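Asker: The structure follows.
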Number of protein chains: 2
Amino acid sequence: MDKILDIDNIDLKIISLLNEDAKTPYTEIAKKVFVSSGTVHVRMKKLEDMGIVKSATLNIDFSKLGYDISAFLGIYLEKSSLYDNVIERLKGIAEVVSAYYTTGNYSIFAKIICRDTNHLRLVLDSIQKVDGIDRTETLIVLEESINRPIQFFDKEK
Amino acid sequence: MDKILDIDNIDLKIISLLNEDAKTPYTEIAKKVFVSSGTVHVRMKKLEDMGIVKSATLNIDFSKLGYDISAFLGIYLEKSSLYDNVIERLKGIAEVVSAYYTTGNYSIFAKIICRDTNHLRLVLDSIQKVDGIDRTETLIVLEESINRPIQFFDKEK
DNA sequence: GATTAAATTAGATTTAATCTAAATAGAGTT
DNA sequence: AACTCTATTTAGATTAAATCTAATTTAATC
């Protein structure tokens, strides 16, 4: 029953290598993991079928694309029962890239990405207008010091 | 001088499409953007050379890999001048996946991913032992309701 | 409208992905 | 231990894509 039991070290190594660069050819992965490229295919197919590997995305430097400001938002709701409604509304705001239900003071914890301070102001306005949102606290990101995938294998040690 | 001027709608469409699925063949991207696959290559090479597209990573369902708990940490430092030192120490903790310098109360805002509550406790312990960290506030993620890339083109409208 | 520079394209070549069938390895049974 | 069944891995063949090059088209400037 436990999905984790179906995953061995070969799977984890494949995931780790592809997580560093998802465009690495399976033939190259195969060499590093000491199996055939066919096996890499079979394993990746399994991982995708199991829903463990969902897709591959680009790692984009948004600031170089003119999206210079990102911010975390702590959102307070009027009633916590409004959670689902508010999430649906947030999905309609393109600048919202993530939203979480978390323990702590906030009802919703979200992240937004904007071009500049003016754009940020517009986005905050549209979020504050969403029915059910009481108030928000904004943590503007001034520096991203760490941003990396989980490390399954400790390289240092 | 402005990097954004070098980027046109073709670039943005290519990025958008590949951001949904980075493994989409360039030939297929080419059809959707109405250019040749050679152009997609040239554009992607340009975007990579400019550092706009940094790499491609897998989108992994960590809970299915046994990493069931993620949490945001608001970290208070004894002195804000200790920022760089503390970041270096956090880089040594495998479970820390991101860390930011933000406005607001916290000196550092970080995210960690753990297997279970016991693992979380161990990681929090090791973080609280880092020299320079005064105290931490933990926001445990109970549900991830939104997690998506920026949408350059509004699909809804 | 001619000239130059830049970007795009088609087509050839190299490389990788994918598929299939055979070989191997593993687990359980007698 | 030999046998059977099953699952996994592999090599090799086929299909498809990436990559490279040279030619063409497009755009910009005079």
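Residue names in the structure tokens use chain letters A, B, ... in the order shown, residue numbers from 1 in each chain, and ligand numbers from 1 in the order shown.
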Quick one: which residues from chain A are at most 12 Å off chain C, using only C-alpha atoms (C1' of nucleotides), as a list in words?
Answerer: Lys23, Thr24, Pro25, Tyr26, Thr27, Glu28, Ser37, Gly38, Val40, His41, Val42 and Lys45 of chain A
Asker: Once you count only C-alpha atoms, which residues of chain B turn out to be within 7 Å of chain A? Could you give them as a compact mmCIF listing (two decimals) with N, CA, C and O atoms, in the first residue's frame?
Answerer:
```
# COMPACT_ATOMS: atom_id res chain seq x y z
N LYS B 3 17.32 44.81 -20.92
CA LYS B 3 17.21 43.44 -21.43
C LYS B 3 15.81 43.13 -21.95
O LYS B 3 15.65 42.32 -22.84
N ILE B 4 14.83 43.77 -21.36
CA ILE B 4 13.45 43.43 -21.71
C ILE B 4 13.16 43.76 -23.18
O ILE B 4 12.37 43.12 -23.83
N LEU B 18 6.93 26.16 -22.84
CA LEU B 18 7.90 25.25 -22.23
C LEU B 18 7.78 25.24 -20.71
O LEU B 18 8.15 24.27 -20.06
N ASN B 19 7.25 26.31 -20.16
CA ASN B 19 7.09 26.36 -18.71
C ASN B 19 5.98 25.43 -18.26
O ASN B 19 6.01 24.92 -17.14
N GLU B 20 5.02 25.19 -19.15
CA GLU B 20 3.97 24.22 -18.81
C GLU B 20 4.51 22.81 -18.89
O GLU B 20 4.16 21.97 -18.08
N ASP B 21 5.34 22.55 -19.88
CA ASP B 21 5.96 21.24 -20.01
C ASP B 21 7.30 21.39 -20.71
O ASP B 21 7.36 21.47 -21.94
N ALA B 22 8.35 21.40 -19.92
CA ALA B 22 9.69 21.69 -20.44
C ALA B 22 10.17 20.59 -21.38
O ALA B 22 11.15 20.78 -22.10
N LYS B 23 9.49 19.46 -21.42
CA LYS B 23 9.93 18.37 -22.29
C LYS B 23 9.25 18.39 -23.66
O LYS B 23 9.53 17.54 -24.49
N GLY B 51 20.69 34.34 -19.49
CA GLY B 51 20.44 33.97 -18.10
C GLY B 51 18.98 34.07 -17.72
O GLY B 51 18.63 34.00 -16.54
N ILE B 52 18.11 34.24 -18.71
CA ILE B 52 16.68 34.34 -18.40
C ILE B 52 16.11 32.96 -18.12
O ILE B 52 15.40 32.76 -17.14
N VAL B 53 16.46 32.00 -18.97
CA VAL B 53 16.11 30.61 -18.69
C VAL B 53 17.35 29.94 -18.12
O VAL B 53 18.37 29.86 -18.79
N LYS B 54 17.25 29.53 -16.86
CA LYS B 54 18.44 29.04 -16.18
C LYS B 54 18.59 27.54 -16.29
O LYS B 54 19.68 27.02 -16.44
N SER B 55 17.50 26.82 -16.19
CA SER B 55 17.55 25.37 -16.28
C SER B 55 16.13 24.86 -16.34
O SER B 55 15.18 25.63 -16.35
N ALA B 56 15.99 23.56 -16.39
CA ALA B 56 14.66 22.95 -16.31
C ALA B 56 14.66 21.99 -15.13
O ALA B 56 15.64 21.27 -14.92
N THR B 57 13.60 22.01 -14.37
CA THR B 57 13.52 21.12 -13.21
C THR B 57 12.23 20.32 -13.24
O THR B 57 11.27 20.71 -13.91
N LEU B 58 12.22 19.22 -12.52
CA LEU B 58 11.02 18.40 -12.44
C LEU B 58 10.06 18.98 -11.43
O LEU B 58 10.47 19.58 -10.43
N ASN B 59 8.80 18.78 -11.68
CA ASN B 59 7.77 19.13 -10.73
C ASN B 59 7.41 17.85 -9.99
O ASN B 59 6.76 16.97 -10.55
N ILE B 60 7.87 17.74 -8.77
CA ILE B 60 7.76 16.48 -8.03
C ILE B 60 6.73 16.59 -6.91
O ILE B 60 6.67 17.59 -6.21
N ASP B 61 5.92 15.56 -6.78
CA ASP B 61 4.98 15.47 -5.66
C ASP B 61 5.72 14.87 -4.47
O ASP B 61 5.82 13.65 -4.33
N LYS B 64 4.20 12.24 -2.09
CA LYS B 64 4.18 10.84 -2.54
C LYS B 64 5.55 10.19 -2.39
O LYS B 64 5.68 8.98 -2.49
N LEU B 65 6.56 11.01 -2.18
CA LEU B 65 7.90 10.47 -1.93
C LEU B 65 8.17 10.36 -0.44
O LEU B 65 9.29 10.10 -0.02
N GLY B 66 7.14 10.61 0.36
CA GLY B 66 7.31 10.47 1.80
C GLY B 66 7.68 11.77 2.50
O GLY B 66 7.91 11.78 3.70
N ALA B 94 19.91 20.32 4.45
CA ALA B 94 19.34 19.83 3.19
C ALA B 94 17.85 20.14 3.06
O ALA B 94 17.35 20.33 1.95
N GLU B 95 17.16 20.18 4.17
CA GLU B 95 15.70 20.34 4.14
C GLU B 95 15.26 21.77 3.82
O GLU B 95 14.09 22.02 3.54
N VAL B 97 14.71 24.56 1.47
CA VAL B 97 14.64 24.67 0.01
C VAL B 97 14.66 26.11 -0.47
O VAL B 97 15.01 26.38 -1.62
N SER B 98 14.27 27.06 0.38
CA SER B 98 14.36 28.45 -0.03
C SER B 98 14.53 29.35 1.17
O SER B 98 14.17 29.00 2.30
N ALA B 99 15.13 30.51 0.94
CA ALA B 99 15.30 31.50 2.01
C ALA B 99 15.36 32.88 1.38
O ALA B 99 15.99 33.08 0.33
N TYR B 100 14.67 33.82 2.00
CA TYR B 100 14.55 35.17 1.44
C TYR B 100 14.83 36.22 2.50
O TYR B 100 14.58 36.02 3.69
N TYR B 101 15.34 37.33 2.03
CA TYR B 101 15.43 38.55 2.83
C TYR B 101 14.20 39.37 2.48
O TYR B 101 14.00 39.73 1.32
N THR B 102 13.37 39.61 3.47
CA THR B 102 12.09 40.29 3.18
C THR B 102 11.87 41.49 4.11
O THR B 102 12.48 41.59 5.17
N THR B 103 10.99 42.36 3.65
CA THR B 103 10.51 43.41 4.55
C THR B 103 9.57 42.76 5.57
O THR B 103 9.14 41.63 5.40
N GLY B 104 9.27 43.50 6.64
CA GLY B 104 8.39 42.96 7.67
C GLY B 104 9.16 42.54 8.90
O GLY B 104 10.34 42.86 9.05
N LEU B 139 5.03 28.27 10.17
CA LEU B 139 3.73 28.15 9.52
C LEU B 139 3.70 26.83 8.78
O LEU B 139 4.34 26.68 7.73
N ILE B 140 3.01 25.85 9.32
CA ILE B 140 2.96 24.54 8.67
C ILE B 140 1.95 24.56 7.54
O ILE B 140 0.83 25.05 7.72
N VAL B 141 2.38 24.06 6.39
CA VAL B 141 1.48 24.05 5.23
C VAL B 141 0.53 22.86 5.32
O VAL B 141 0.97 21.71 5.35
N LEU B 142 -0.75 23.15 5.40
CA LEU B 142 -1.74 22.07 5.48
C LEU B 142 -2.33 21.76 4.11
O LEU B 142 -2.82 20.67 3.87
N GLU B 143 -2.30 22.72 3.24
CA GLU B 143 -2.81 22.49 1.88
C GLU B 143 -2.17 23.45 0.91
O GLU B 143 -2.01 24.64 1.22
N GLU B 144 -1.77 22.93 -0.24
CA GLU B 144 -1.25 23.78 -1.30
C GLU B 144 -2.37 23.96 -2.31
O GLU B 144 -2.69 23.05 -3.06
N SER B 145 -2.96 25.15 -2.33
CA SER B 145 -4.14 25.36 -3.17
C SER B 145 -3.78 25.91 -4.55
O SER B 145 -4.49 25.68 -5.52
N ILE B 146 -2.71 26.66 -4.62
CA ILE B 146 -2.23 27.19 -5.90
C ILE B 146 -0.72 27.00 -5.95
O ILE B 146 -0.04 27.23 -4.96
N ASN B 147 -0.23 26.55 -7.09
CA ASN B 147 1.21 26.47 -7.34
C ASN B 147 1.42 26.39 -8.83
O ASN B 147 1.24 25.36 -9.43
N ARG B 148 1.80 27.52 -9.42
CA ARG B 148 1.84 27.61 -10.88
C ARG B 148 2.84 28.66 -11.30
O ARG B 148 3.23 29.51 -10.50
N PRO B 149 3.26 28.63 -12.55
CA PRO B 149 4.17 29.68 -13.03
C PRO B 149 3.41 30.98 -13.30
O PRO B 149 2.18 30.98 -13.32
N ILE B 150 4.16 32.04 -13.48
CA ILE B 150 3.54 33.29 -13.89
C ILE B 150 2.83 33.09 -15.21
O ILE B 150 3.30 32.35 -16.08
N GLN B 151 1.71 33.74 -15.38
CA GLN B 151 1.02 33.68 -16.66
C GLN B 151 1.25 34.98 -17.41
O GLN B 151 0.74 36.02 -17.02
```
Asker: Hey, what does DSSP flag as strand (DSSP E) within segment 2-146 of chain A? Can you give it to me as an NGL selection string?
Answerer: :A and (53-60 or 69-77 or 96-102 or 108-114 or 133-146)
Asker: I need the contact residues of chain A against chain D, so if you could list those with any atom within 9 Å, counting only C-alpha atoms (C1' of nucleotides), and return them as a PyMOL selection string, that would help.
Answerer: chain A and resi 35-36+38-39
Asker: Next, the residues of the selection above should be written as a PDB file, in the first residue's frame with N, CA, C and O atoms.
Answerer:
```pdb
ATOM      1  N   VAL A  35      22.602   1.884 -15.481  1.00  0.00           N
ATOM      2  CA  VAL A  35      21.561   1.011 -16.036  1.00  0.00           C
ATOM      3  C   VAL A  35      21.427   1.368 -17.516  1.00  0.00           C
ATOM      4  O   VAL A  35      22.090   2.293 -17.991  1.00  0.00           O
ATOM      5  N   SER A  36      20.586   0.652 -18.228  1.00  0.00           N
ATOM      6  CA  SER A  36      20.378   0.991 -19.646  1.00  0.00           C
ATOM      7  C   SER A  36      19.397   2.156 -19.748  1.00  0.00           C
ATOM      8  O   SER A  36      18.657   2.452 -18.809  1.00  0.00           O
ATOM      9  N   GLY A  38      16.836   2.211 -21.522  1.00  0.00           N
ATOM     10  CA  GLY A  38      15.500   1.641 -21.458  1.00  0.00           C
ATOM     11  C   GLY A  38      14.960   1.630 -20.041  1.00  0.00           C
ATOM     12  O   GLY A  38      13.799   1.953 -19.792  1.00  0.00           O
ATOM     13  N   THR A  39      15.819   1.266 -19.106  1.00  0.00           N
ATOM     14  CA  THR A  39      15.407   1.239 -17.697  1.00  0.00           C
ATOM     15  C   THR A  39      15.046   2.630 -17.200  1.00  0.00           C
ATOM     16  O   THR A  39      14.057   2.802 -16.475  1.00  0.00           O
TER      17      THR A  39
END
```
Asker: Kindly give the distance, in Å, that separates atom CA of Asp134 of chain B and atom CA of Leu120 of chain B, rounded to a single decimal.
Answerer: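 Taking atom CA of Asp134 of chain B and atom CA of Leu120 of chain B, their separation equals 18.6 Å.
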Asker: Suppose you want the space between atom CA of His119 of chain A and atom CA of Thr136 of chain A; what is it in Å?
Answerer: 16.7 Å
Asker: With DSSP run on the backbone, what are the helix (DSSP H, G or I) residues within chain A? I'd like them as number ranges by chain.
Answerer: A: 3-6, 9-20, 26-33, 37-49, 62-65, 80-91, 117-128
